[in-house]
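K.L.:
Quick one, final22.cif (mmCIF, C-alpha atoms and all ligand atoms):
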data_run
#
loop_
_atom_site.group_PDB
_atom_site.id
_atom_site.type_symbol
_atom_site.label_atom_id
_atom_site.label_comp_id
_atom_site.auth_asym_id
_atom_site.auth_seq_id
_atom_site.Cartn_x
_atom_site.Cartn_y
_atom_site.Cartn_z
ATOM 1 C CA MET A 1 5.003 13.798 -5.710
ATOM 2 C CA LYS A 2 1.575 15.294 -6.122
ATOM 3 C CA ILE A 3 -1.208 14.445 -3.655
ATOM 4 C CA VAL A 4 -4.789 15.014 -4.741
ATOM 5 C CA VAL A 5 -7.267 15.003 -1.855
ATOM 6 C CA CYS A 6 -10.813 14.105 -2.874
ATOM 7 C CA LYS A 7 -14.164 14.288 -1.155
ATOM 8 C CA ASP A 8 -15.016 10.620 -1.580
ATOM 9 C CA TYR A 9 -14.459 7.441 -3.595
ATOM 10 C CA GLU A 10 -16.506 8.686 -6.542
ATOM 11 C CA GLU A 11 -14.592 11.953 -6.832
ATOM 12 C CA MET A 12 -11.277 10.133 -6.452
ATOM 13 C CA SER A 13 -12.196 7.793 -9.303
ATOM 14 C CA GLN A 14 -13.397 10.659 -11.516
ATOM 15 C CA LYS A 15 -10.274 12.779 -10.966
ATOM 16 C CA GLY A 16 -8.088 9.719 -11.448
ATOM 17 C CA LYS A 17 -9.845 8.885 -14.708
ATOM 18 C CA ASP A 18 -9.350 12.470 -16.008
ATOM 19 C CA PHE A 19 -5.674 12.364 -15.077
ATOM 20 C CA ILE A 20 -5.059 9.006 -16.766
ATOM 21 C CA ILE A 21 -6.908 9.916 -19.946
ATOM 22 C CA SER A 22 -5.008 13.186 -20.273
ATOM 23 C CA GLU A 23 -1.671 11.347 -19.916
ATOM 24 C CA LEU A 24 -2.730 8.763 -22.516
ATOM 25 C CA LYS A 25 -3.776 11.523 -24.925
ATOM 26 C CA ARG A 26 -0.385 13.197 -24.584
ATOM 27 C CA ASP A 27 1.475 10.046 -25.614
ATOM 28 C CA SER A 28 -0.021 7.540 -28.025
ATOM 29 C CA SER A 29 2.605 4.932 -27.128
ATOM 30 C CA LEU A 30 2.076 5.130 -23.355
ATOM 31 C CA ALA A 31 1.029 1.748 -21.923
ATOM 32 C CA LEU A 32 -0.814 1.188 -18.672
ATOM 33 C CA GLY A 33 0.103 -0.796 -15.601
ATOM 34 C CA GLY A 34 -2.960 -2.334 -13.979
ATOM 35 C CA ALA A 35 -3.878 -3.126 -10.391
ATOM 36 C CA THR A 36 -6.667 -5.449 -9.317
ATOM 37 C CA GLY A 37 -8.597 -5.265 -6.014
ATOM 38 C CA ASN A 38 -11.601 -3.140 -5.069
ATOM 39 C CA THR A 39 -10.061 0.308 -5.233
ATOM 40 C CA PRO A 40 -9.775 0.727 -9.028
ATOM 41 C CA LYS A 41 -13.130 -0.891 -9.906
ATOM 42 C CA ARG A 42 -14.983 2.415 -10.312
ATOM 43 C CA LEU A 43 -11.970 3.901 -12.115
ATOM 44 C CA TYR A 44 -12.130 1.106 -14.712
ATOM 45 C CA GLU A 45 -15.881 1.647 -15.119
ATOM 46 C CA LEU A 46 -15.292 5.342 -15.756
ATOM 47 C CA LEU A 47 -12.484 4.591 -18.216
ATOM 48 C CA ALA A 48 -14.916 2.287 -20.034
ATOM 49 C CA GLN A 49 -17.586 5.002 -20.138
ATOM 50 C CA SER A 50 -15.167 7.721 -21.246
ATOM 51 C CA GLY A 51 -15.334 6.715 -24.901
ATOM 52 C CA PHE A 52 -11.521 6.656 -25.084
ATOM 53 C CA ASP A 53 -10.288 3.964 -27.460
ATOM 54 C CA PHE A 54 -8.051 1.478 -25.604
ATOM 55 C CA SER A 55 -7.897 -1.083 -28.409
ATOM 56 C CA GLU A 56 -4.296 -0.209 -29.333
ATOM 57 C CA ARG A 57 -3.072 0.207 -25.733
ATOM 58 C CA LYS A 58 -1.286 -2.440 -23.749
ATOM 59 C CA ILE A 59 -1.547 -3.140 -20.051
ATOM 60 C CA TRP A 60 0.715 -5.058 -17.626
ATOM 61 C CA PHE A 61 -0.813 -6.095 -14.307
ATOM 62 C CA LEU A 62 1.029 -6.218 -11.007
ATOM 63 C CA ASP A 63 0.333 -9.668 -9.686
ATOM 64 C CA GLU A 64 -1.444 -13.010 -9.768
ATOM 65 C CA TYR A 65 -2.042 -15.763 -7.245
ATOM 66 C CA PHE A 66 -0.042 -18.949 -7.545
ATOM 67 C CA GLY A 67 -2.294 -21.788 -8.741
ATOM 68 C CA LYS A 68 -5.194 -19.532 -9.749
ATOM 69 C CA MET A 69 -6.205 -17.288 -12.611
ATOM 70 C CA SER A 70 -8.302 -14.895 -10.506
ATOM 71 C CA TYR A 71 -6.623 -11.703 -11.504
ATOM 72 C CA TYR A 72 -6.481 -12.638 -15.159
ATOM 73 C CA GLN A 73 -10.252 -13.102 -15.069
ATOM 74 C CA TYR A 74 -10.641 -9.796 -13.212
ATOM 75 C CA ALA A 75 -8.539 -8.027 -15.843
ATOM 76 C CA VAL A 76 -10.518 -9.451 -18.729
ATOM 77 C CA ASN A 77 -13.868 -8.661 -17.064
ATOM 78 C CA PHE A 78 -13.034 -5.066 -16.319
ATOM 79 C CA LEU A 79 -10.906 -4.117 -19.302
ATOM 80 C CA HIS A 80 -12.247 -6.184 -22.146
ATOM 81 C CA ASN A 81 -15.819 -7.311 -21.498
ATOM 82 C CA ASN A 82 -17.028 -4.092 -19.831
ATOM 83 C CA PHE A 83 -15.860 -1.673 -22.487
ATOM 84 C CA PRO A 84 -17.951 -0.627 -25.476
ATOM 85 C CA GLN A 85 -17.380 -3.087 -28.308
ATOM 86 C CA GLY A 86 -14.053 -2.535 -30.058
ATOM 87 C CA ARG A 87 -12.827 0.105 -27.586
ATOM 88 C CA GLY A 88 -11.629 -2.109 -24.745
ATOM 89 C CA PHE A 89 -8.217 -3.697 -24.326
ATOM 90 C CA ARG A 90 -7.644 -6.539 -26.770
ATOM 91 C CA LEU A 91 -7.013 -9.847 -25.013
ATOM 92 C CA GLU A 92 -3.514 -10.125 -26.469
ATOM 93 C CA ASN A 93 -2.694 -6.718 -24.962
ATOM 94 C CA ILE A 94 -3.576 -7.735 -21.392
ATOM 95 C CA HIS A 95 -0.476 -9.061 -19.612
ATOM 96 C CA ILE A 96 -0.424 -10.566 -16.171
ATOM 97 C CA PRO A 97 2.174 -12.628 -14.293
ATOM 98 C CA GLN A 98 1.705 -16.345 -14.918
ATOM 99 C CA GLY A 99 -0.010 -18.021 -11.960
ATOM 100 C CA ILE A 100 -0.756 -21.436 -13.408
ATOM 101 C CA PHE A 101 2.062 -23.961 -13.711
ATOM 102 C CA TYR A 102 1.889 -27.663 -14.409
ATOM 103 C CA TRP A 103 3.635 -30.302 -12.358
ATOM 104 C CA ASN A 104 3.183 -34.048 -12.924
ATOM 105 C CA ASN A 105 0.579 -33.159 -15.567
ATOM 106 C CA GLN A 106 -1.555 -31.306 -13.036
ATOM 107 C CA THR A 107 -2.030 -27.690 -12.091
ATOM 108 C CA ALA A 108 0.399 -26.970 -9.283
ATOM 109 C CA HIS A 109 -1.482 -25.758 -6.212
ATOM 110 C CA SER A 110 -0.244 -24.058 -3.077
ATOM 111 C CA GLU A 111 0.386 -27.325 -1.206
ATOM 112 C CA THR A 112 2.382 -28.763 -4.109
ATOM 113 C CA LEU A 113 4.597 -25.692 -4.014
ATOM 114 C CA SER A 114 4.977 -25.824 -0.215
ATOM 115 C CA GLN A 115 6.059 -29.455 -0.512
ATOM 116 C CA ILE A 116 8.525 -28.708 -3.308
ATOM 117 C CA LEU A 117 10.057 -25.843 -1.327
ATOM 118 C CA LEU A 118 10.383 -28.095 1.682
ATOM 119 C CA GLU A 119 12.119 -30.802 -0.323
ATOM 120 C CA ASN A 120 14.381 -28.548 -2.400
ATOM 121 C CA LYS A 121 16.027 -26.297 0.135
ATOM 122 C CA ASN A 122 19.112 -25.812 -2.044
ATOM 123 C CA ASP A 123 17.106 -24.309 -4.902
ATOM 124 C CA TYR A 124 16.010 -21.062 -3.265
ATOM 125 C CA HIS A 125 16.292 -18.877 -0.275
ATOM 126 C CA MET A 126 13.852 -16.613 1.507
ATOM 127 C CA LEU A 127 14.490 -12.863 1.470
ATOM 128 C CA GLY A 128 11.742 -11.804 3.870
ATOM 129 C CA PRO A 129 8.573 -12.960 2.098
ATOM 130 C CA GLU A 130 10.331 -13.201 -1.295
ATOM 131 C CA VAL A 131 11.214 -16.662 -2.500
ATOM 132 C CA SER A 132 14.417 -16.071 -4.415
ATOM 133 C CA ILE A 133 14.957 -19.013 -6.758
ATOM 134 C CA TYR A 134 18.588 -19.740 -7.672
ATOM 135 C CA ALA A 135 19.637 -19.819 -11.330
ATOM 136 C CA GLU A 136 21.011 -23.358 -10.699
ATOM 137 C CA ALA A 137 17.727 -24.624 -9.211
ATOM 138 C CA MET A 138 17.262 -28.329 -9.947
ATOM 139 C CA ASN A 139 13.555 -28.654 -9.402
ATOM 140 C CA GLY A 140 11.547 -28.286 -12.621
ATOM 141 C CA LEU A 141 8.650 -26.350 -11.140
ATOM 142 C CA LEU A 142 10.930 -23.804 -9.486
ATOM 143 C CA LYS A 143 12.855 -23.438 -12.752
ATOM 144 C CA GLN A 144 9.606 -22.743 -14.623
ATOM 145 C CA ILE A 145 8.555 -20.106 -12.089
ATOM 146 C CA ARG A 146 11.933 -18.412 -12.231
ATOM 147 C CA ARG A 147 11.939 -18.334 -16.045
ATOM 148 C CA SER A 148 8.395 -17.026 -16.199
ATOM 149 C CA ASN A 149 9.105 -14.222 -13.687
ATOM 150 C CA ARG A 150 12.236 -13.199 -15.563
ATOM 151 C CA ASN A 151 10.390 -13.072 -18.875
ATOM 152 C CA TYR A 152 7.610 -11.007 -17.326
ATOM 153 C CA GLU A 153 10.094 -8.574 -15.842
ATOM 154 C CA HIS A 154 11.827 -8.144 -19.211
ATOM 155 C CA SER A 155 8.530 -7.574 -20.984
ATOM 156 C CA LEU A 156 7.526 -4.614 -18.764
ATOM 157 C CA PRO A 157 7.725 -1.379 -20.724
ATOM 158 C CA VAL A 158 9.258 1.613 -18.974
ATOM 159 C CA ASN A 159 6.861 3.886 -20.835
ATOM 160 C CA ARG A 160 3.848 2.922 -18.762
ATOM 161 C CA LEU A 161 1.575 4.584 -16.267
ATOM 162 C CA GLN A 162 1.278 2.200 -13.338
ATOM 163 C CA ILE A 163 -2.026 2.230 -11.444
ATOM 164 C CA LEU A 164 -1.614 1.161 -7.792
ATOM 165 C CA GLY A 165 -3.727 0.419 -4.742
ATOM 166 C CA ILE A 166 -2.323 -0.064 -1.258
ATOM 167 C CA GLY A 167 -2.952 -2.933 1.154
ATOM 168 C CA VAL A 168 -3.928 -2.375 4.799
ATOM 169 C CA GLU A 169 -0.373 -3.307 5.827
ATOM 170 C CA GLY A 170 1.141 -0.990 3.212
ATOM 171 C CA HIS A 171 1.900 -3.390 0.377
ATOM 172 C CA VAL A 172 1.884 -2.331 -3.277
ATOM 173 C CA GLY A 173 1.470 -5.199 -5.692
ATOM 174 C CA PHE A 174 2.029 -8.180 -3.396
ATOM 175 C CA ASN A 175 5.239 -6.723 -1.998
ATOM 176 C CA GLU A 176 4.605 -7.695 1.589
ATOM 177 C CA LYS A 177 6.302 -6.304 4.697
ATOM 178 C CA GLY A 178 10.046 -6.902 4.465
ATOM 179 C CA THR A 179 10.289 -7.105 0.660
ATOM 180 C CA ARG A 180 13.522 -5.593 -0.644
ATOM 181 C CA LYS A 181 13.340 -2.236 -2.414
ATOM 182 C CA THR A 182 15.475 -3.736 -5.190
ATOM 183 C CA SER A 183 13.050 -6.638 -5.812
ATOM 184 C CA LEU A 184 12.006 -7.539 -9.349
ATOM 185 C CA THR A 185 9.109 -9.838 -10.386
ATOM 186 C CA HIS A 186 9.181 -12.713 -7.902
ATOM 187 C CA LEU A 187 7.374 -15.465 -6.052
ATOM 188 C CA THR A 188 6.145 -14.320 -2.643
ATOM 189 C CA LEU A 189 4.627 -15.729 0.482
ATOM 190 C CA LEU A 190 1.460 -13.760 1.229
ATOM 191 C CA ASP A 191 0.980 -12.053 4.569
ATOM 192 C CA GLU A 192 -1.878 -13.240 6.828
ATOM 193 C CA SER A 193 -3.414 -9.748 6.586
ATOM 194 C CA THR A 194 -3.518 -10.037 2.777
ATOM 195 C CA LEU A 195 -5.138 -13.471 2.914
ATOM 196 C CA THR A 196 -7.776 -12.115 5.301
ATOM 197 C CA ALA A 197 -8.419 -8.907 3.343
ATOM 198 C CA ASN A 198 -8.720 -10.904 0.089
ATOM 199 C CA GLU A 199 -10.845 -13.741 1.486
ATOM 200 C CA SER A 200 -13.433 -13.246 -1.276
ATOM 201 C CA ASP A 201 -10.802 -14.194 -3.899
ATOM 202 C CA PHE A 202 -10.900 -17.735 -2.475
ATOM 203 C CA ALA A 203 -14.659 -18.172 -2.753
ATOM 204 C CA ASP A 204 -14.045 -20.702 -5.558
ATOM 205 C CA GLY A 205 -12.474 -23.017 -2.955
ATOM 206 C CA ILE A 206 -8.932 -22.736 -4.365
ATOM 207 C CA ARG A 207 -6.798 -21.292 -1.602
ATOM 208 C CA THR A 208 -3.173 -20.326 -1.912
ATOM 209 C CA LYS A 209 -0.570 -18.629 0.218
ATOM 210 C CA TYR A 210 1.740 -17.739 -2.666
ATOM 211 C CA ALA A 211 1.606 -15.170 -5.436
ATOM 212 C CA LEU A 212 3.697 -13.824 -8.286
ATOM 213 C CA THR A 213 4.231 -10.100 -8.191
ATOM 214 C CA GLN A 214 6.156 -7.292 -9.788
ATOM 215 C CA GLY A 215 8.773 -6.177 -7.287
ATOM 216 C CA ILE A 216 9.216 -2.711 -5.834
ATOM 217 C CA GLN A 217 11.986 -2.010 -8.334
ATOM 218 C CA SER A 218 9.761 -3.167 -11.225
ATOM 219 C CA ILE A 219 7.156 -0.602 -10.135
ATOM 220 C CA MET A 220 9.769 2.127 -9.645
ATOM 221 C CA ARG A 221 10.887 1.642 -13.259
ATOM 222 C CA ALA A 222 7.477 2.659 -14.624
ATOM 223 C CA LYS A 223 7.708 6.183 -16.013
ATOM 224 C CA TYR A 224 4.529 7.291 -14.196
ATOM 225 C CA ALA A 225 2.752 5.869 -11.179
ATOM 226 C CA VAL A 226 -0.662 6.746 -9.723
ATOM 227 C CA LEU A 227 -1.624 5.404 -6.319
ATOM 228 C CA PHE A 228 -5.252 5.374 -5.157
ATOM 229 C CA ALA A 229 -6.416 4.927 -1.569
ATOM 230 C CA SER A 230 -9.926 5.310 -0.277
ATOM 231 C CA GLY A 231 -11.499 4.977 3.161
ATOM 232 C CA GLU A 232 -10.331 5.135 6.763
ATOM 233 C CA LYS A 233 -9.180 1.524 6.781
ATOM 234 C CA LYS A 234 -6.267 2.630 4.598
ATOM 235 C CA ALA A 235 -5.266 5.531 6.901
ATOM 236 C CA GLU A 236 -2.470 3.681 8.676
ATOM 237 C CA ALA A 237 -1.051 2.288 5.432
ATOM 238 C CA VAL A 238 -1.113 5.723 3.783
ATOM 239 C CA HIS A 239 0.490 7.291 6.856
ATOM 240 C CA GLY A 240 3.290 4.724 6.647
ATOM 241 C CA PHE A 241 3.618 5.300 2.927
ATOM 242 C CA LEU A 242 3.844 9.113 3.138
ATOM 243 C CA LEU A 243 5.625 9.645 6.443
ATOM 244 C CA GLY A 244 6.827 6.312 7.812
ATOM 245 C CA ASP A 245 8.308 3.095 6.553
ATOM 246 C CA ASN A 246 6.364 0.331 4.830
ATOM 247 C CA SER A 247 6.656 -1.405 1.435
ATOM 248 C CA ALA A 248 4.926 1.458 -0.363
ATOM 249 C CA SER A 249 7.170 4.153 1.126
ATOM 250 C CA ALA A 250 9.939 3.242 -1.348
ATOM 251 C CA LEU A 251 7.703 4.921 -3.957
ATOM 252 C CA ARG A 252 8.210 8.296 -2.302
ATOM 253 C CA ASN A 253 11.387 8.451 -4.414
ATOM 254 C CA HIS A 254 9.490 7.944 -7.663
ATOM 255 C CA GLU A 255 9.944 10.931 -9.973
ATOM 256 C CA ASN A 256 6.417 11.004 -11.376
ATOM 257 C CA LEU A 257 4.046 9.791 -8.710
ATOM 258 C CA ALA A 258 0.525 11.123 -8.226
ATOM 259 C CA VAL A 259 -1.510 10.045 -5.206
ATOM 260 C CA PHE A 260 -5.310 10.263 -5.132
ATOM 261 C CA LEU A 261 -6.742 10.007 -1.621
ATOM 262 C CA THR A 262 -10.105 10.412 0.034
ATOM 263 C CA ARG A 263 -10.354 13.088 2.703
ATOM 264 C CA ASP A 264 -11.253 10.689 5.538
ATOM 265 C CA ILE A 265 -7.751 9.197 5.311
ATOM 266 C CA LEU A 266 -6.138 12.528 6.200
ATOM 267 C CA ALA A 267 -8.579 13.036 9.078
ATOM 268 C CA ARG A 268 -6.457 10.479 10.950
ATOM 269 C CA PHE A 269 -3.244 12.506 10.470
ATOM 270 C CA THR A 270 -2.134 14.898 13.252
ATOM 271 C CA ASP A 271 -1.678 18.631 12.586
ATOM 272 C CA LYS A 272 2.084 18.082 12.753
ATOM 273 C CA ASP A 273 1.800 15.333 10.092
ATOM 274 C CA LYS A 274 -0.182 17.654 7.837
ATOM 275 C CA ILE A 275 2.404 20.430 8.149
ATOM 276 C CA LYS A 276 5.099 17.908 7.224
ATOM 277 C CA LEU A 277 3.067 16.817 4.205
ATOM 278 C CA ARG A 278 2.563 20.393 3.028
ATOM 279 C CA HIS A 279 6.298 21.030 3.325
ATOM 280 C CA SER A 280 7.255 17.913 1.423
ATOM 281 C CA TYR A 281 4.649 17.509 -1.313
ATOM 282 C CA PHE A 282 2.490 19.440 -3.718
ATOM 283 C CA ILE A 283 -1.065 19.058 -2.440
ATOM 284 C CA VAL A 284 -4.179 19.698 -4.486
ATOM 285 C CA ASP A 285 -7.127 19.711 -2.139
ATOM 286 C CA PHE A 286 -10.508 19.402 -3.838
ATOM 287 C CA ALA A 287 -12.238 18.414 -0.646
ATOM 288 C CA THR A 288 -11.978 21.641 1.388
HETATM 289 C C1 LIG A 301 -3.754 -5.673 -6.637
HETATM 290 C C2 LIG A 301 -2.638 -5.308 -5.795
HETATM 291 C C3 LIG A 301 -2.800 -4.968 -4.342
HETATM 292 C C4 LIG A 301 -4.042 -4.114 -4.057
HETATM 293 C C5 LIG A 301 -4.158 -3.826 -2.571
HETATM 294 C C6 LIG A 301 -5.404 -3.038 -2.232
HETATM 295 O O1 LIG A 301 -3.284 -5.999 -7.935
HETATM 296 O O2 LIG A 301 -1.563 -5.300 -6.267
HETATM 297 O O3 LIG A 301 -1.652 -4.277 -3.927
HETATM 298 O O4 LIG A 301 -3.977 -2.923 -4.797
HETATM 299 O O5 LIG A 301 -4.182 -5.020 -1.848
HETATM 300 O O6 LIG A 301 -6.533 -3.820 -2.487
HETATM 301 P P1 LIG A 301 -7.986 -3.196 -2.447
HETATM 302 O O7 LIG A 301 -8.054 -2.189 -3.534
HETATM 303 O O8 LIG A 301 -8.918 -4.352 -2.694
HETATM 304 O O9 LIG A 301 -8.157 -2.593 -1.092
#
Can you dump the structure from the file as structure tokens?
Ligand code: F6R
P.N.:
Amino acid sequence: MKIVVCKDYEEMSQKGKDFIISELKRDSSLALGGATGNTPKRLYELLAQSGFDFSERKIWFLDEYFGKMSYYQYAVNFLHNNFPQGRGFRLENIHIPQGIFYWNNQTAHSETLSQILLENKNDYHMLGPEVSIYAEAMNGLLKQIRRSNRNYEHSLPVNRLQILGIGVEGHVGFNEKGTRKTSLTHLTLLDESTLTANESDFADGIRTKYALTQGIQSIMRAKYAVLFASGEKKAEAVHGFLLGDNSASALRNHENLAVFLTRDILARFTDKDKIKLRHSYFIVDFAT
């Protein structure tokens, strides 16, 4: 694992952009894995301004809310609409887990799903926050979700560079605390901390407590992964990721992981932590 320490958010985004473009130039068939959220917004702007032609590249996003198309809209805004004409991702090349399902001819919302789970206890079981739907599930909505997740998982190319952010509780994708390291694309119950941190995603009045997400194993299968974290509020999550035990820490075993951090995150690490980091990882420090 390589850790790149940057002065601030802007430098982190610039260095990250340079790294991603150089990997894409080395391999014309390399796809991207996208993350939503605030962290990569500047990165996407810089990718748009770089002049690099993304029109033949494909991208697979990590997650989507159940009953909403928020992240699909985010993806299209940042990767299609904001790029110079003809150089952005083509709509058919933007892939995102399916969040909208129909039930009784209506869009299935969070409460519909809660009710269905309550009434169909034999169709699934909970593995921590993961809702693992049985192959023999009888309920039509659960069957649709299971099929859709399986298809998404099978569509993910190994030859991709997965961009990642990290949640304040240490999630990557929507792999909340307690998600299995072997998890594939699945339905998950969102943590309270995620709902609070992402409050602005519910400004349209459609609230949900479920999401579809690539699992930890799905992310591990990507050939390259790049994780970005900026600002002190991520210090605890990054500490858990690098030295402790949270959802993200499974990625420490990834063979090609680069981590771009802002300096203020490491300011919260003790001297002993820093020595441990220097012993374990290759650290490029632009900020000193
Ligand atoms: C987004 C995603 C999440 C975010 C994480 C950090 O697709 O998978 O794991 O990367 O919640 O979000 P921000 O960047 O908004 O702090």
K.L.:
Do you know which residues are at most 9 Å from region 49-63 of chain A counting only C-alpha atoms, after dropping those on the same chain fewer than 2 positions away, and could you put them as number ranges by chain?
P.N.:
A: 17, 21, 28-36, 44-47, 65, 71-72, 75, 79, 83-84, 86-90, 92-99, 155-157, 160, 162-164, 172-174, 185, 211-215, 219
K.L.:
Using C-alpha atoms, can you write the selected residues to a file as a short mmCIF file (atom, residue, chain, number, x, y, z; two decimals), in the frame of the given file?
P.N.:
data_model
loop_
_atom_site.label_atom_id
_atom_site.label_comp_id
_atom_site.auth_asym_id
_atom_site.auth_seq_id
_atom_site.Cartn_x
_atom_site.Cartn_y
_atom_site.Cartn_z
CA LYS A 17 -9.85 8.88 -14.71
CA ILE A 21 -6.91 9.92 -19.95
CA SER A 28 -0.02 7.54 -28.02
CA SER A 29 2.60 4.93 -27.13
CA LEU A 30 2.08 5.13 -23.36
CA ALA A 31 1.03 1.75 -21.92
CA LEU A 32 -0.81 1.19 -18.67
CA GLY A 33 0.10 -0.80 -15.60
CA GLY A 34 -2.96 -2.33 -13.98
CA ALA A 35 -3.88 -3.13 -10.39
CA THR A 36 -6.67 -5.45 -9.32
CA TYR A 44 -12.13 1.11 -14.71
CA GLU A 45 -15.88 1.65 -15.12
CA LEU A 46 -15.29 5.34 -15.76
CA LEU A 47 -12.48 4.59 -18.22
CA TYR A 65 -2.04 -15.76 -7.24
CA TYR A 71 -6.62 -11.70 -11.50
CA TYR A 72 -6.48 -12.64 -15.16
CA ALA A 75 -8.54 -8.03 -15.84
CA LEU A 79 -10.91 -4.12 -19.30
CA PHE A 83 -15.86 -1.67 -22.49
CA PRO A 84 -17.95 -0.63 -25.48
CA GLY A 86 -14.05 -2.54 -30.06
CA ARG A 87 -12.83 0.10 -27.59
CA GLY A 88 -11.63 -2.11 -24.74
CA PHE A 89 -8.22 -3.70 -24.33
CA ARG A 90 -7.64 -6.54 -26.77
CA GLU A 92 -3.51 -10.12 -26.47
CA ASN A 93 -2.69 -6.72 -24.96
CA ILE A 94 -3.58 -7.74 -21.39
CA HIS A 95 -0.48 -9.06 -19.61
CA ILE A 96 -0.42 -10.57 -16.17
CA PRO A 97 2.17 -12.63 -14.29
CA GLN A 98 1.70 -16.34 -14.92
CA GLY A 99 -0.01 -18.02 -11.96
CA SER A 155 8.53 -7.57 -20.98
CA LEU A 156 7.53 -4.61 -18.76
CA PRO A 157 7.72 -1.38 -20.72
CA ARG A 160 3.85 2.92 -18.76
CA GLN A 162 1.28 2.20 -13.34
CA ILE A 163 -2.03 2.23 -11.44
CA LEU A 164 -1.61 1.16 -7.79
CA VAL A 172 1.88 -2.33 -3.28
CA GLY A 173 1.47 -5.20 -5.69
CA PHE A 174 2.03 -8.18 -3.40
CA THR A 185 9.11 -9.84 -10.39
CA ALA A 211 1.61 -15.17 -5.44
CA LEU A 212 3.70 -13.82 -8.29
CA THR A 213 4.23 -10.10 -8.19
CA GLN A 214 6.16 -7.29 -9.79
CA GLY A 215 8.77 -6.18 -7.29
CA ILE A 219 7.16 -0.60 -10.14
#
K.L.:
In terms of the shortest atom-to-atom distance over all atoms listed in the file, which of A:Ser280, A:Thr107, A:Ser13, A:Thr182 is closest to Thr39 (chain A)?
P.N.:
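Under the stated criterion, the closest residue is A:Ser13.
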K.L.:
Step by step, work through what the PyMOL selection byres (((chain A and resi 127) around 10) and not hetatm) selects in the shown file, and finish by giving those residues as a list in words.
P.N.:
Tyr124, His125, Met126, Gly128, Pro129, Glu130, Val131, Ser132, Gly178, Thr179, Arg180, Ser183 and Thr188 of chain A
K.L.:
Could you dump the residues just selected with C-alpha atoms as a PDB file, in the coordinates of the input?
P.N.:
ATOM      1  CA  TYR A 124      16.010 -21.062  -3.265  1.00  0.00           C
ATOM      2  CA  HIS A 125      16.292 -18.877  -0.275  1.00  0.00           C
ATOM      3  CA  MET A 126      13.852 -16.613   1.507  1.00  0.00           C
ATOM      4  CA  GLY A 128      11.742 -11.804   3.870  1.00  0.00           C
ATOM      5  CA  PRO A 129       8.573 -12.960   2.098  1.00  0.00           C
ATOM      6  CA  GLU A 130      10.331 -13.201  -1.295  1.00  0.00           C
ATOM      7  CA  VAL A 131      11.214 -16.662  -2.500  1.00  0.00           C
ATOM      8  CA  SER A 132      14.417 -16.071  -4.415  1.00  0.00           C
ATOM      9  CA  GLY A 178      10.046  -6.902   4.465  1.00  0.00           C
ATOM     10  CA  THR A 179      10.289  -7.105   0.660  1.00  0.00           C
ATOM     11  CA  ARG A 180      13.522  -5.593  -0.644  1.00  0.00           C
ATOM     12  CA  SER A 183      13.050  -6.638  -5.812  1.00  0.00           C
ATOM     13  CA  THR A 188       6.145 -14.320  -2.643  1.00  0.00           C
TER      14      THR A 188
END
K.L.:
Pick the closest to Gly244 (chain A) from A:Ser200, A:Thr270, A:Val5, A:Gly170: which is it, counting all atoms listed in the file?
P.N.:
A:Gly170
K.L.:
Which residues come within 8 Å of Glu236 (chain A), counting all atoms listed in the file, excluding same-chain residues fewer than 3 positions away, as a list in words?
P.N.:
Val168, Glu169, Lys233, His239 and Gly240 of chain A
K.L.:
Would you pick out the contacts of Phe228 (chain A) at 9 Å or less, using only C-alpha atoms, so that residues sharing its chain but fewer than 4 positions from it are not included, and give the list as number ranges by chain?
P.N.:
A: 12-13, 16, 39-40, 163-166, 258-262
K.L.:
For each of A:Thr194, A:Asn159, A:Asn120, A:Ile133, take the minimum atom-to-atom distance to Leu24 (chain A), counting only C-alpha atoms, then give the residue where this is smallest.
P.N.:
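Comparing A:Thr194, A:Asn159, A:Asn120, A:Ile133 against Leu24 (chain A), the winner is A:Asn159.
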K.L.:
Using all atoms listed in the file, find the one residue out of A:Ala250, A:Leu113, A:Leu257, A:Leu189 that sits nearest to Leu161 (chain A).
P.N.:
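The closest residue to Leu161 (chain A) is A:Leu257.
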K.L.:
Choose the residue, out of A:Glu232, A:Asp8, A:Asp285, A:Glu23, that has the smallest atom-to-atom separation from Ile265 (chain A); count only C-alpha atoms.
P.N.:
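Smallest separation from Ile265 (chain A) among the options: A:Glu232.
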K.L.:
In the coordinate frame of the file, compute which residues have an atom within 12 Å of (-11.5, -17.2, -4.3) when using only C-alpha atoms, and state them as an NGL selection string.
P.N.:
:A and (65 or 67-71 or 73-74 or 195-209)
K.L.:
Would you mind reading off the distance between CA of Tyr281 (chain A) and CA of Ser230 (chain A), one decimal, in Å?
P.N.:
19.0 Å
K.L.:
Translate the PyMOL selection byres (((chain A and resi 251) around 9) and not hetatm) into a concrete residue list for this structure, as a list in words.
P.N.:
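For this structure, the PyMOL selection byres (((chain A and resi 251) around 9) and not hetatm) resolves to Ile216, Ile219, Met220, Ala225, Phe241, Ser247, Ala248, Ser249, Ala250, Arg252, Asn253, His254, Glu255 and Leu257 of chain A.
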K.L.:
Closest to ligand LIG 301 (chain A) among A:Ile283, A:Ala48, A:Ala237, A:Ile20, using only C-alpha atoms and all ligand atoms?
P.N.:
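Nearest to ligand LIG 301 (chain A): A:Ala237.
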K.L.:
Could you give me the centre and size, in Å to one decimal, of an axis-aligned box around all listed atoms of ligand LIG 301 (chain A) with 4 Å added on every side, as JSON?
P.N.:
{"center_x": -5.2, "center_y": -4.1, "center_z": -4.5, "size_x": 15.4, "size_y": 11.8, "size_z": 14.8}
K.L.:
In Å, how far is it from CA of Phe66 (chain A) to atom O9 of ligand LIG 301 (chain A)?
P.N.:
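Taking CA of Phe66 (chain A) and atom O9 of ligand LIG 301 (chain A), their separation equals 19.4 Å.
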K.L.:
I'd like the interatomic distance between CA of Asp18 (chain A) and CA of Cys6 (chain A), to a tenth of an Å.
P.N.:
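So the answer is 13.3 Å.
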